[in-house]
>>> print(open('query.cif').read())   # mmCIF, C-alpha atoms
data_protein
loop_
_atom_site.label_atom_id
_atom_site.label_comp_id
_atom_site.auth_asym_id
_atom_site.auth_seq_id
_atom_site.Cartn_x
_atom_site.Cartn_y
_atom_site.Cartn_z
CA MET A 1 0.00 0.00 0.00
CA ARG A 2 2.79 2.35 0.95
CA GLU A 3 4.43 2.66 -2.47
CA ARG A 4 1.14 3.38 -4.16
CA THR A 5 0.33 6.16 -1.68
CA LEU A 6 3.80 7.69 -1.93
CA TRP A 7 3.68 7.57 -5.73
CA THR A 8 0.23 9.16 -5.83
CA LEU A 9 1.48 11.95 -3.55
CA HIS A 10 4.45 12.34 -5.92
CA LEU A 11 2.01 12.87 -8.81
CA GLY A 12 -0.08 15.31 -6.78
CA ALA A 13 3.00 17.25 -5.69
CA GLY A 14 4.14 17.45 -9.31
CA GLY A 15 0.78 18.89 -10.33
CA LEU A 16 0.91 21.41 -7.49
CA VAL A 17 4.44 22.50 -8.47
CA LEU A 18 3.21 23.09 -12.04
CA VAL A 19 0.37 25.28 -10.80
CA PHE A 20 2.67 27.31 -8.54
CA LEU A 21 5.30 27.67 -11.27
CA ALA A 22 2.64 29.00 -13.62
CA LEU A 23 1.59 31.46 -10.90
CA HIS A 24 5.20 32.47 -10.35
CA MET A 25 5.75 33.10 -14.07
CA ALA A 26 2.52 35.06 -14.32
CA ILE A 27 3.38 37.30 -11.37
CA MET A 28 7.12 37.75 -11.73
CA HIS A 29 7.96 37.51 -15.40
CA LEU A 30 4.98 38.60 -17.50
CA ASP A 31 4.22 42.31 -17.63
CA LEU A 32 0.62 41.80 -18.63
CA THR A 33 -0.33 39.56 -15.70
CA GLY A 34 2.31 40.70 -13.20
CA GLY A 35 1.42 44.40 -13.37
CA PRO A 36 -1.31 44.31 -10.71
CA PHE A 37 1.11 42.70 -8.25
CA GLY A 38 3.38 45.75 -8.26
CA VAL A 39 2.96 48.14 -5.30
CA ALA A 40 2.51 51.88 -5.87
CA GLY A 41 3.66 51.79 -9.46
CA ALA A 42 6.65 49.55 -8.74
CA LYS A 43 7.25 46.43 -10.76
CA ALA A 44 6.26 43.05 -9.31
CA VAL A 45 9.92 42.07 -8.93
CA ASP A 46 10.89 45.23 -7.04
CA TRP A 47 11.82 44.88 -3.37
CA ALA A 48 8.84 46.88 -2.13
CA SER A 49 6.44 44.63 -4.03
CA VAL A 50 8.19 41.47 -2.82
CA ALA A 51 8.08 42.67 0.80
CA GLU A 52 4.42 43.57 0.47
CA ARG A 53 3.51 40.14 -0.87
CA ALA A 54 5.44 38.50 1.97
CA ARG A 55 2.96 40.08 4.38
CA GLU A 56 -0.08 38.67 2.62
CA ALA A 57 -1.55 35.42 3.94
CA PHE A 58 -2.31 34.11 0.42
CA PHE A 59 1.32 34.33 -0.63
CA THR A 60 2.61 32.95 2.66
CA VAL A 61 0.41 29.89 2.19
CA THR A 62 1.46 29.41 -1.45
CA TYR A 63 5.16 29.80 -0.59
CA VAL A 64 4.95 27.11 2.10
CA ALA A 65 2.83 24.83 -0.11
CA LEU A 66 5.27 25.22 -3.02
CA LEU A 67 8.16 24.50 -0.69
CA GLY A 68 6.49 21.32 0.59
CA ALA A 69 5.41 20.11 -2.85
CA ALA A 70 8.77 20.79 -4.49
CA LEU A 71 10.70 19.15 -1.64
CA TYR A 72 8.49 16.05 -1.66
CA HIS A 73 8.49 15.74 -5.45
CA GLY A 74 12.26 16.20 -5.73
CA LEU A 75 13.24 14.00 -2.81
CA PHE A 76 10.88 11.20 -3.81
CA GLY A 77 12.34 11.26 -7.32
CA PHE A 78 15.84 11.17 -5.82
CA ARG A 79 14.75 8.22 -3.64
CA ASN A 80 13.61 6.36 -6.77
CA ILE A 81 17.01 6.90 -8.36
CA LEU A 82 18.78 5.63 -5.25
CA LEU A 83 16.51 2.58 -5.00
CA GLU A 84 17.41 1.66 -8.57
CA LEU A 85 20.94 1.11 -7.32
CA ASN A 86 19.52 -1.99 -5.68
CA PRO A 87 20.34 -1.26 -2.02
CA GLY A 88 19.86 -3.89 0.65
CA ALA A 89 17.09 -3.72 3.23
CA ALA A 90 19.18 -1.76 5.75
CA ALA A 91 20.41 0.72 3.13
CA ARG A 92 16.87 1.10 1.86
CA ARG A 93 15.70 1.95 5.34
CA ALA A 94 18.57 4.42 5.74
CA ILE A 95 17.62 6.10 2.45
CA ASP A 96 13.99 6.43 3.53
CA VAL A 97 14.82 7.77 6.97
CA GLY A 98 17.66 10.00 5.75
CA LEU A 99 15.70 11.63 2.94
CA SER A 100 12.65 12.09 5.17
CA ALA A 101 14.81 13.81 7.79
CA ILE A 102 16.48 16.04 5.19
CA GLY A 103 13.11 16.94 3.70
CA LEU A 104 11.59 17.73 7.07
CA LEU A 105 14.55 19.90 8.12
CA LEU A 106 14.52 21.82 4.85
CA PHE A 107 10.79 22.29 5.05
CA LEU A 108 10.93 23.58 8.64
CA PHE A 109 13.75 25.95 7.77
CA GLY A 110 12.00 27.20 4.64
CA ALA A 111 8.69 27.60 6.42
CA TRP A 112 10.39 29.54 9.23
CA VAL A 113 12.01 31.85 6.67
CA THR A 114 8.65 32.42 4.97
CA LEU A 115 6.87 33.15 8.22
CA ALA A 116 9.67 35.39 9.47
CA ALA A 117 9.90 37.31 6.18
CA PRO A 118 7.31 40.02 6.96
CA GLY A 119 9.12 41.03 10.15
CA ALA A 120 12.49 40.96 8.43
CA ALA A 121 11.18 43.04 5.54
CA SER A 122 9.83 45.67 7.95
CA ALA A 123 13.13 45.72 9.82
CA VAL A 124 15.04 46.66 6.68
CA GLY A 125 12.42 49.17 5.60
CA GLY A 126 10.44 47.09 3.14
CA MET B 1 25.83 -20.36 -54.87
CA ALA B 2 25.42 -18.12 -57.90
CA GLY B 3 21.79 -17.34 -58.58
CA THR B 4 20.52 -18.76 -55.28
CA GLY B 5 20.89 -15.49 -53.38
CA ALA B 6 23.10 -17.24 -50.81
CA ARG B 7 25.81 -15.29 -48.98
CA ILE B 8 28.20 -15.94 -46.12
CA VAL B 9 27.26 -14.37 -42.80
CA THR B 10 29.47 -14.66 -39.74
CA PHE B 11 27.62 -15.67 -36.60
CA HIS B 12 29.29 -14.13 -33.57
CA VAL B 13 27.96 -16.39 -30.83
CA ARG B 14 28.40 -15.86 -27.11
CA ARG B 15 29.36 -19.07 -25.33
CA TYR B 16 29.33 -19.77 -21.62
CA ASP B 17 29.23 -22.98 -19.68
CA PRO B 18 29.17 -22.26 -15.94
CA ALA B 19 30.56 -25.73 -15.29
CA THR B 20 33.80 -25.09 -17.19
CA ASP B 21 34.11 -21.39 -18.10
CA ARG B 22 35.11 -18.60 -15.74
CA GLU B 23 33.47 -16.02 -17.99
CA PRO B 24 31.63 -15.87 -21.33
CA HIS B 25 33.57 -15.76 -24.58
CA TRP B 26 32.67 -15.29 -28.25
CA GLU B 27 32.98 -17.67 -31.17
CA ASP B 28 32.70 -16.88 -34.89
CA HIS B 29 30.96 -19.31 -37.24
CA PRO B 30 30.50 -18.59 -40.97
CA VAL B 31 27.12 -19.71 -42.26
CA GLU B 32 25.91 -19.83 -45.85
CA VAL B 33 22.67 -17.93 -45.64
CA THR B 34 19.86 -18.34 -48.15
CA PRO B 35 16.80 -16.11 -48.56
CA GLY B 36 14.15 -16.83 -45.95
CA MET B 37 16.60 -18.28 -43.46
CA THR B 38 16.00 -17.31 -39.84
CA VAL B 39 18.54 -16.90 -37.07
CA LEU B 40 17.22 -20.13 -35.56
CA ASP B 41 17.87 -21.97 -38.84
CA ALA B 42 21.41 -20.61 -38.82
CA LEU B 43 21.98 -21.73 -35.23
CA TRP B 44 21.22 -25.31 -36.26
CA ILE B 45 23.93 -24.99 -38.91
CA VAL B 46 26.31 -23.50 -36.33
CA LYS B 47 25.57 -26.46 -34.09
CA GLU B 48 27.04 -28.79 -36.70
CA ALA B 49 30.41 -27.11 -36.06
CA ALA B 50 29.82 -26.49 -32.36
CA PRO B 51 27.78 -29.45 -31.12
CA THR B 52 27.72 -28.31 -27.49
CA LEU B 53 26.06 -24.98 -28.31
CA ALA B 54 22.87 -24.71 -26.25
CA TRP B 55 19.71 -22.69 -26.76
CA ARG B 56 15.97 -23.14 -26.27
CA SER B 57 13.54 -23.46 -29.14
CA SER B 58 10.42 -25.38 -29.90
CA CYS B 59 7.67 -24.21 -32.24
CA ARG B 60 9.77 -22.38 -34.90
CA MET B 61 6.82 -20.06 -35.59
CA GLY B 62 6.84 -17.32 -32.95
CA ILE B 63 4.27 -18.89 -30.67
CA CYS B 64 6.02 -20.78 -27.89
CA GLY B 65 8.34 -17.96 -26.77
CA SER B 66 11.29 -20.29 -26.16
CA CYS B 67 13.93 -18.81 -28.45
CA GLY B 68 14.21 -15.25 -27.13
CA MET B 69 17.81 -14.09 -27.44
CA LEU B 70 19.86 -10.94 -27.98
CA ILE B 71 20.38 -10.65 -31.74
CA ASN B 72 22.54 -7.76 -32.92
CA GLY B 73 21.98 -6.05 -29.59
CA ARG B 74 18.20 -6.33 -29.57
CA PRO B 75 16.03 -8.94 -27.83
CA ARG B 76 14.18 -10.93 -30.49
CA LEU B 77 12.81 -14.37 -31.21
CA ALA B 78 15.40 -16.30 -33.22
CA CYS B 79 12.69 -18.15 -35.14
CA ASN B 80 10.93 -14.94 -36.03
CA THR B 81 14.00 -13.02 -37.22
CA GLN B 82 14.98 -13.26 -40.86
CA ILE B 83 18.72 -12.88 -41.28
CA SER B 84 18.15 -10.76 -44.37
CA GLU B 85 16.15 -8.18 -42.39
CA LEU B 86 19.14 -7.62 -40.08
CA GLY B 87 21.10 -6.24 -43.04
CA THR B 88 24.55 -7.11 -41.65
CA ASN B 89 27.25 -9.60 -42.59
CA VAL B 90 27.97 -10.28 -38.93
CA VAL B 91 25.17 -11.41 -36.65
CA ALA B 92 25.92 -11.25 -32.93
CA VAL B 93 23.89 -13.69 -30.87
CA ALA B 94 23.92 -13.65 -27.06
CA PRO B 95 21.59 -14.74 -24.26
CA LEU B 96 18.89 -12.34 -23.09
CA PRO B 97 20.34 -9.78 -20.65
CA ASN B 98 18.82 -9.15 -17.21
CA PHE B 99 18.74 -12.92 -16.59
CA GLY B 100 21.27 -15.39 -15.29
CA ILE B 101 22.74 -17.79 -17.83
CA VAL B 102 22.06 -21.51 -17.64
CA LYS B 103 24.37 -22.20 -20.57
CA ASP B 104 25.36 -20.41 -23.80
CA LEU B 105 22.13 -18.84 -25.14
CA VAL B 106 19.85 -20.29 -22.47
CA PRO B 107 18.71 -17.65 -19.96
CA ASP B 108 17.50 -18.57 -16.49
CA LEU B 109 13.86 -17.48 -16.69
CA ALA B 110 12.94 -18.83 -13.25
CA PRO B 111 12.91 -15.40 -11.51
CA MET B 112 10.58 -14.05 -14.20
CA PHE B 113 8.11 -16.90 -13.76
CA GLU B 114 8.36 -16.61 -9.99
CA ALA B 115 7.34 -12.94 -10.20
CA HIS B 116 4.65 -13.94 -12.69
CA ARG B 117 3.21 -16.53 -10.31
CA GLU B 118 3.24 -14.13 -7.35
CA LEU B 119 0.94 -11.74 -9.20
CA MET B 120 -1.71 -14.42 -9.68
CA PRO B 121 -2.11 -14.29 -13.48
CA TYR B 122 -5.31 -16.28 -13.65
CA LEU B 123 -9.03 -15.78 -13.05
CA LEU B 124 -9.73 -15.31 -9.35
CA ARG B 125 -13.36 -16.02 -8.54
CA ASP B 126 -15.42 -17.50 -5.76
CA ASP B 127 -17.03 -20.16 -7.94
CA THR B 128 -14.06 -22.50 -7.93
CA ASP B 129 -16.28 -25.55 -8.52
CA GLU B 130 -17.49 -24.07 -11.79
CA GLN B 131 -13.94 -23.34 -12.85
CA ASP B 132 -12.72 -26.83 -11.97
CA ALA B 133 -15.60 -28.50 -13.79
CA PRO B 134 -17.19 -25.95 -16.13
CA THR B 135 -20.85 -26.42 -16.93
CA ARG B 136 -21.44 -23.18 -18.79
CA GLU B 137 -19.58 -20.16 -20.17
CA TYR B 138 -18.98 -16.79 -18.56
CA LEU B 139 -20.74 -13.93 -20.30
CA GLN B 140 -18.40 -11.44 -21.94
CA THR B 141 -19.15 -8.76 -24.51
CA PRO B 142 -16.79 -8.00 -27.41
CA ALA B 143 -15.95 -4.66 -25.75
CA GLU B 144 -15.01 -6.44 -22.52
CA LEU B 145 -12.81 -8.79 -24.52
CA GLU B 146 -11.10 -5.84 -26.21
CA ALA B 147 -10.11 -4.46 -22.80
CA TYR B 148 -7.53 -7.19 -22.26
CA LEU B 149 -7.14 -8.93 -25.64
CA GLN B 150 -3.90 -7.23 -26.64
CA PHE B 151 -2.24 -8.15 -23.35
CA SER B 152 -3.30 -11.77 -23.69
CA TYR B 153 -1.06 -12.21 -26.76
CA CYS B 154 2.00 -12.44 -24.48
CA ILE B 155 4.04 -15.62 -25.01
CA LYS B 156 6.33 -15.08 -22.00
CA CYS B 157 9.48 -15.05 -24.12
CA GLY B 158 11.23 -12.59 -21.79
CA CYS B 159 12.25 -10.12 -24.53
CA CYS B 160 10.53 -7.26 -22.67
CA MET B 161 12.33 -8.18 -19.45
CA ALA B 162 15.68 -8.19 -21.29
CA ALA B 163 15.03 -4.73 -22.76
CA CYS B 164 13.82 -3.11 -19.53
CA PRO B 165 16.35 -0.53 -18.23
CA THR B 166 14.72 -0.50 -14.80
CA LEU B 167 15.09 -4.24 -14.40
CA ALA B 168 18.74 -3.94 -15.44
CA THR B 169 19.56 -2.21 -12.17
CA ASP B 170 16.59 -2.92 -9.91
CA ALA B 171 16.42 -6.63 -9.18
CA GLY B 172 13.38 -6.08 -6.95
CA TYR B 173 11.24 -4.78 -9.81
CA ALA B 174 8.72 -7.38 -11.01
CA GLY B 175 9.28 -6.47 -14.66
CA PRO B 176 7.07 -5.83 -17.69
CA MET B 177 5.84 -9.35 -18.36
CA PRO B 178 4.47 -10.21 -14.88
CA LEU B 179 2.96 -6.74 -14.46
CA THR B 180 1.30 -6.86 -17.88
CA GLN B 181 -0.19 -10.24 -17.13
CA ALA B 182 -1.48 -9.05 -13.76
CA HIS B 183 -3.12 -6.14 -15.57
CA ARG B 184 -4.49 -8.46 -18.22
CA TYR B 185 -6.49 -10.28 -15.53
CA ASP B 186 -7.40 -7.09 -13.66
CA CYS B 187 -9.02 -5.94 -16.93
CA ASP B 188 -10.87 -9.18 -17.51
CA SER B 189 -14.59 -8.83 -16.81
CA ARG B 190 -14.69 -12.46 -15.64
CA ASP B 191 -12.12 -11.81 -12.92
CA ALA B 192 -12.74 -10.74 -9.32
CA GLY B 193 -9.13 -10.67 -8.16
CA PHE B 194 -8.29 -6.95 -8.30
CA ARG B 195 -8.27 -6.61 -4.51
CA ALA B 196 -6.04 -9.64 -4.04
CA ARG B 197 -3.52 -8.45 -6.66
CA ARG B 198 -3.75 -4.91 -5.33
CA GLU B 199 -2.21 -6.03 -2.03
CA ILE B 200 0.97 -6.96 -3.90
CA LEU B 201 0.90 -4.32 -6.64
CA SER B 202 0.50 -1.45 -4.18
CA GLY B 203 3.79 -2.35 -2.53
CA PRO B 204 7.38 -2.20 -3.78
CA ASP B 205 6.77 -5.12 -6.17
CA GLY B 206 4.25 -3.06 -8.11
CA PRO B 207 4.67 -0.91 -11.21
CA TRP B 208 6.00 2.16 -9.36
CA HIS B 209 9.60 1.97 -10.51
CA CYS B 210 8.69 1.92 -14.20
CA HIS B 211 9.72 5.25 -15.70
CA TYR B 212 8.17 4.54 -19.05
CA ALA B 213 11.24 4.07 -21.20
CA GLY B 214 9.00 2.03 -23.51
CA GLU B 215 11.74 -0.40 -24.55
CA CYS B 216 9.58 -3.38 -23.56
CA SER B 217 6.95 -2.38 -26.10
CA GLN B 218 9.56 -1.69 -28.77
CA VAL B 219 10.98 -5.20 -28.63
CA CYS B 220 7.82 -7.24 -27.97
CA PRO B 221 7.52 -9.71 -30.87
CA LYS B 222 3.77 -10.03 -30.37
CA GLY B 223 2.85 -6.33 -30.14
CA VAL B 224 1.61 -6.64 -26.57
CA ASP B 225 2.71 -3.15 -25.47
CA PRO B 226 3.65 -3.85 -21.84
CA ALA B 227 4.55 -0.19 -21.25
CA ARG B 228 0.95 0.76 -21.93
CA ALA B 229 -0.32 -1.97 -19.63
CA ILE B 230 1.90 -0.74 -16.81
CA GLN B 231 0.74 2.86 -17.17
CA LEU B 232 -2.89 1.72 -17.25
CA MET B 233 -2.22 -0.36 -14.17
CA LYS B 234 -0.77 2.66 -12.35
CA ARG B 235 -3.85 4.67 -13.27
CA GLN B 236 -6.14 1.90 -12.08
CA LEU B 237 -4.33 1.62 -8.75
CA VAL B 238 -4.21 5.38 -8.18
CA PHE B 239 -7.89 5.73 -9.07
CA ASP B 240 -8.63 2.93 -6.62
CA LEU B 241 -6.71 4.77 -3.88
CA LEU B 242 -8.73 7.90 -4.60
CA HIS B 243 -11.97 5.87 -4.72
CA LEU B 244 -12.47 6.85 -8.37
CA ARG B 245 -12.06 3.38 -9.87
CA ARG B 246 -15.15 1.88 -11.42
CA GLY B 247 -15.28 -1.69 -10.23
CA HIS B 248 -17.33 -4.41 -11.81
CA ALA B 249 -19.12 -7.51 -10.67
CA PRO B 250 -17.45 -10.59 -12.13
CA ALA B 251 -19.19 -11.85 -15.25
CA SER B 252 -22.08 -14.16 -14.61
CA LEU B 253 -22.63 -17.54 -16.17
CA ALA B 254 -24.42 -17.67 -19.46
CA ALA B 255 -27.43 -19.91 -19.81
CA PRO B 256 -26.89 -22.70 -22.31
CA PRO B 257 -28.23 -21.64 -25.71
CA ALA B 258 -31.83 -22.79 -25.93
CA GLY B 259 -33.36 -23.88 -29.20
CA THR B 260 -30.10 -23.42 -31.07
CA PRO B 261 -29.60 -26.17 -33.60
CA ARG B 262 -26.54 -28.20 -32.66
CA GLU B 263 -26.54 -30.57 -35.60
CA GLY B 264 -23.41 -30.46 -37.67
CA ILE B 265 -21.34 -28.87 -34.93
CA ALA B 266 -18.39 -31.00 -34.03
CA ALA B 267 -18.42 -32.34 -30.50
CA ALA B 268 -15.92 -30.96 -28.04
CA PRO B 269 -12.92 -33.21 -27.50
CA ALA B 270 -12.95 -35.26 -24.33
CA PRO B 271 -10.96 -33.88 -21.40
CA THR B 272 -7.62 -35.60 -21.15
CA VAL B 273 -7.37 -34.88 -17.42
CA ALA B 274 -10.03 -35.99 -14.98
CA PRO B 275 -11.65 -33.19 -12.94
CA PRO B 276 -10.36 -32.96 -9.34
CA GLY B 277 -11.99 -35.43 -7.00
CA GLN B 278 -13.12 -37.71 -9.79
CA GLY B 279 -10.98 -40.72 -10.22
CA ALA B 280 -12.37 -41.54 -13.64
CA THR B 281 -9.86 -42.64 -16.20
CA PRO B 282 -9.30 -39.85 -18.71
CA ARG B 283 -10.36 -40.63 -22.24
CA SER B 284 -7.89 -40.65 -25.07
CA PRO B 285 -7.36 -37.21 -26.72
CA GLY B 286 -9.11 -38.15 -29.93
CA GLU B 287 -12.20 -39.54 -28.26
CA ALA B 288 -15.19 -37.23 -28.56
CA VAL B 289 -18.01 -36.73 -26.09
CA ALA B 290 -21.60 -36.13 -26.98
CA PRO B 291 -22.50 -32.43 -27.23
CA ARG B 292 -24.37 -31.05 -24.26
#
>>> encode(input="query.cif", output="structure tokens")
Amino acid sequence: MRERTLWTLHLGAGGLVLVFLALHMAIMHLDLTGGPFGVAGAKAVDWASVAERAREAFFTVTYVALLGAALYHGLFGFRNILLELNPGAAARRAIDVGLSAIGLLLFLFGAWVTLAAPGAASAVGG
Amino acid sequence: MAGTGARIVTFHVRRYDPATDREPHWEDHPVEVTPGMTVLDALWIVKEAAPTLAWRSSCRMGICGSCGMLINGRPRLACNTQISELGTNVVAVAPLPNFGIVKDLVPDLAPMFEAHRELMPYLLRDDTDEQDAPTREYLQTPAELEAYLQFSYCIKCGCCMAACPTLATDAGYAGPMPLTQAHRYDCDSRDAGFRARREILSGPDGPWHCHYAGECSQVCPKGVDPARAIQLMKRQLVFDLLHLRRGHAPASLAAPPAGTPREGIAAAPAPTVAPPGQGATPRSPGEAVAPR
């Protein structure tokens, strides 16, 4: 059961990453769609606009969700590559535990950065 | 030779006898090739010069699946491969990769059939009595037959397993043939074994390590398309996890045709094996029974 569930989550995470990447491109790199995300006439990629978005709950949620989806999708793919090297049972267990720990640590760190961003932006005058 | 279209082709044959050889080696054997000659025909000529050369073959017509081997770097059936279609003056023949070697061109297919057996490639139903001693037929529409027909053409030759890049490194992967056959029965409207197979397929022995290289389908001599079967199986299993899979009740038994004229229809041959629990002496194969 486990492999099927993990693989289905891998697919779901891939779909989510695609959605968030499309959103990222639309906001940051396309003038037509990114215009409204600029603050007070600034471009969407300007620091003031970035700092402003960091304070909005919608963007905080999407940043954390993108972080989680990208980490899961990438690390699960990496796990598949490692498992194709035909590791033994103990090595397989070590791969699972090791990658899960790395993923969790990176996610916690990234989520902390995202949640701390509004305060940091204010501190530097954003 | 003039006018017959014959030419000399060198057969570069990989030899290995685990009883005497430390590692495989190659031998060259020139063979006078005539139009229409297959690689299997040529191997019989090679055997005249190398009597200990071993390979498997039986039907000589692409049905039994015995003579799968690596011919010019591609898994093929030796009986189904015309030498002329290879277009080379040197034909390299080796055992199927991704298997152990029993001897020379004979691969050890036991792991493949073990994985095949584990995935229960047969009809799983509650009415075992009916299956052991059939009294009627299971109802199946042409559309229901189409759902699995292509996958039922598999002859278990192992060519797909030899071409699979995942299996080349991942010994735990079940491989294209067993997975395709599991899917073939999961798609069969007469079968009720999806849940039982799901227990195995949802784990590490399932289709999850297939990354759709498609080599299995490229080399399949029967056009079975195992890569497609494996992707369909993944979809079926994921849909099942998400409760989106449309299940089906196993096909019911058809009533015997009533009022259909039976005259002129040849009687079914007598069973050569007695049904379980009946100690009756089996009839001879040619002996007919009266039509029901």
>>> residues_around(input="query.cif", residues="B:His211", least_positions_apart="6", cutoff="10 Å", atoms="all atoms listed in the file", output="number ranges by chain")
A: 80; B: 165-166, 227, 230-231
>>> interface_residues(input="query.cif", of="chain A", to="chain B", cutoff="12 Å", atoms="all atoms listed in the file", output="MDAnalysis selection string")
chainID A and resid 1:12 76:77 79:89 92
>>> closest_residue(input="query.cif", among="B:Tyr148, B:Tyr16, B:Tyr185, B:Phe11", to="B:Val91", atoms="only C-alpha atoms")
B:Phe11
>>> closest_residue(input="query.cif", among="B:Thr81, B:Ile101, B:Ser58, B:Gly68", to="B:Ala42", atoms="only C-alpha atoms")
B:Thr81
>>> closest_residue(input="query.cif", among="A:Ile95, A:Ala120, A:Phe20, A:Thr114", to="A:Glu56", atoms="only C-alpha atoms")
A:Thr114
>>> residues_around(input="query.cif", residues="B:Thr180", least_positions_apart="4", cutoff="8 Å", atoms="all atoms listed in the file", output="VMD selection string")
chain B and resid 151 176 184 226 229 to 230
>>> write_last_selection(input="query.cif", atoms="C-alpha atoms", output="JSON list (two decimals), in the coordinates of the input")
[["chain", "number", "residue", "atom", "x", "y", "z"],
["B", 151, "PHE", "CA", -2.24, -8.15, -23.35],
["B", 176, "PRO", "CA", 7.07, -5.83, -17.69],
["B", 184, "ARG", "CA", -4.49, -8.46, -18.22],
["B", 226, "PRO", "CA", 3.65, -3.85, -21.84],
["B", 229, "ALA", "CA", -0.32, -1.97, -19.63],
["B", 230, "ILE", "CA", 1.90, -0.74, -16.81]]
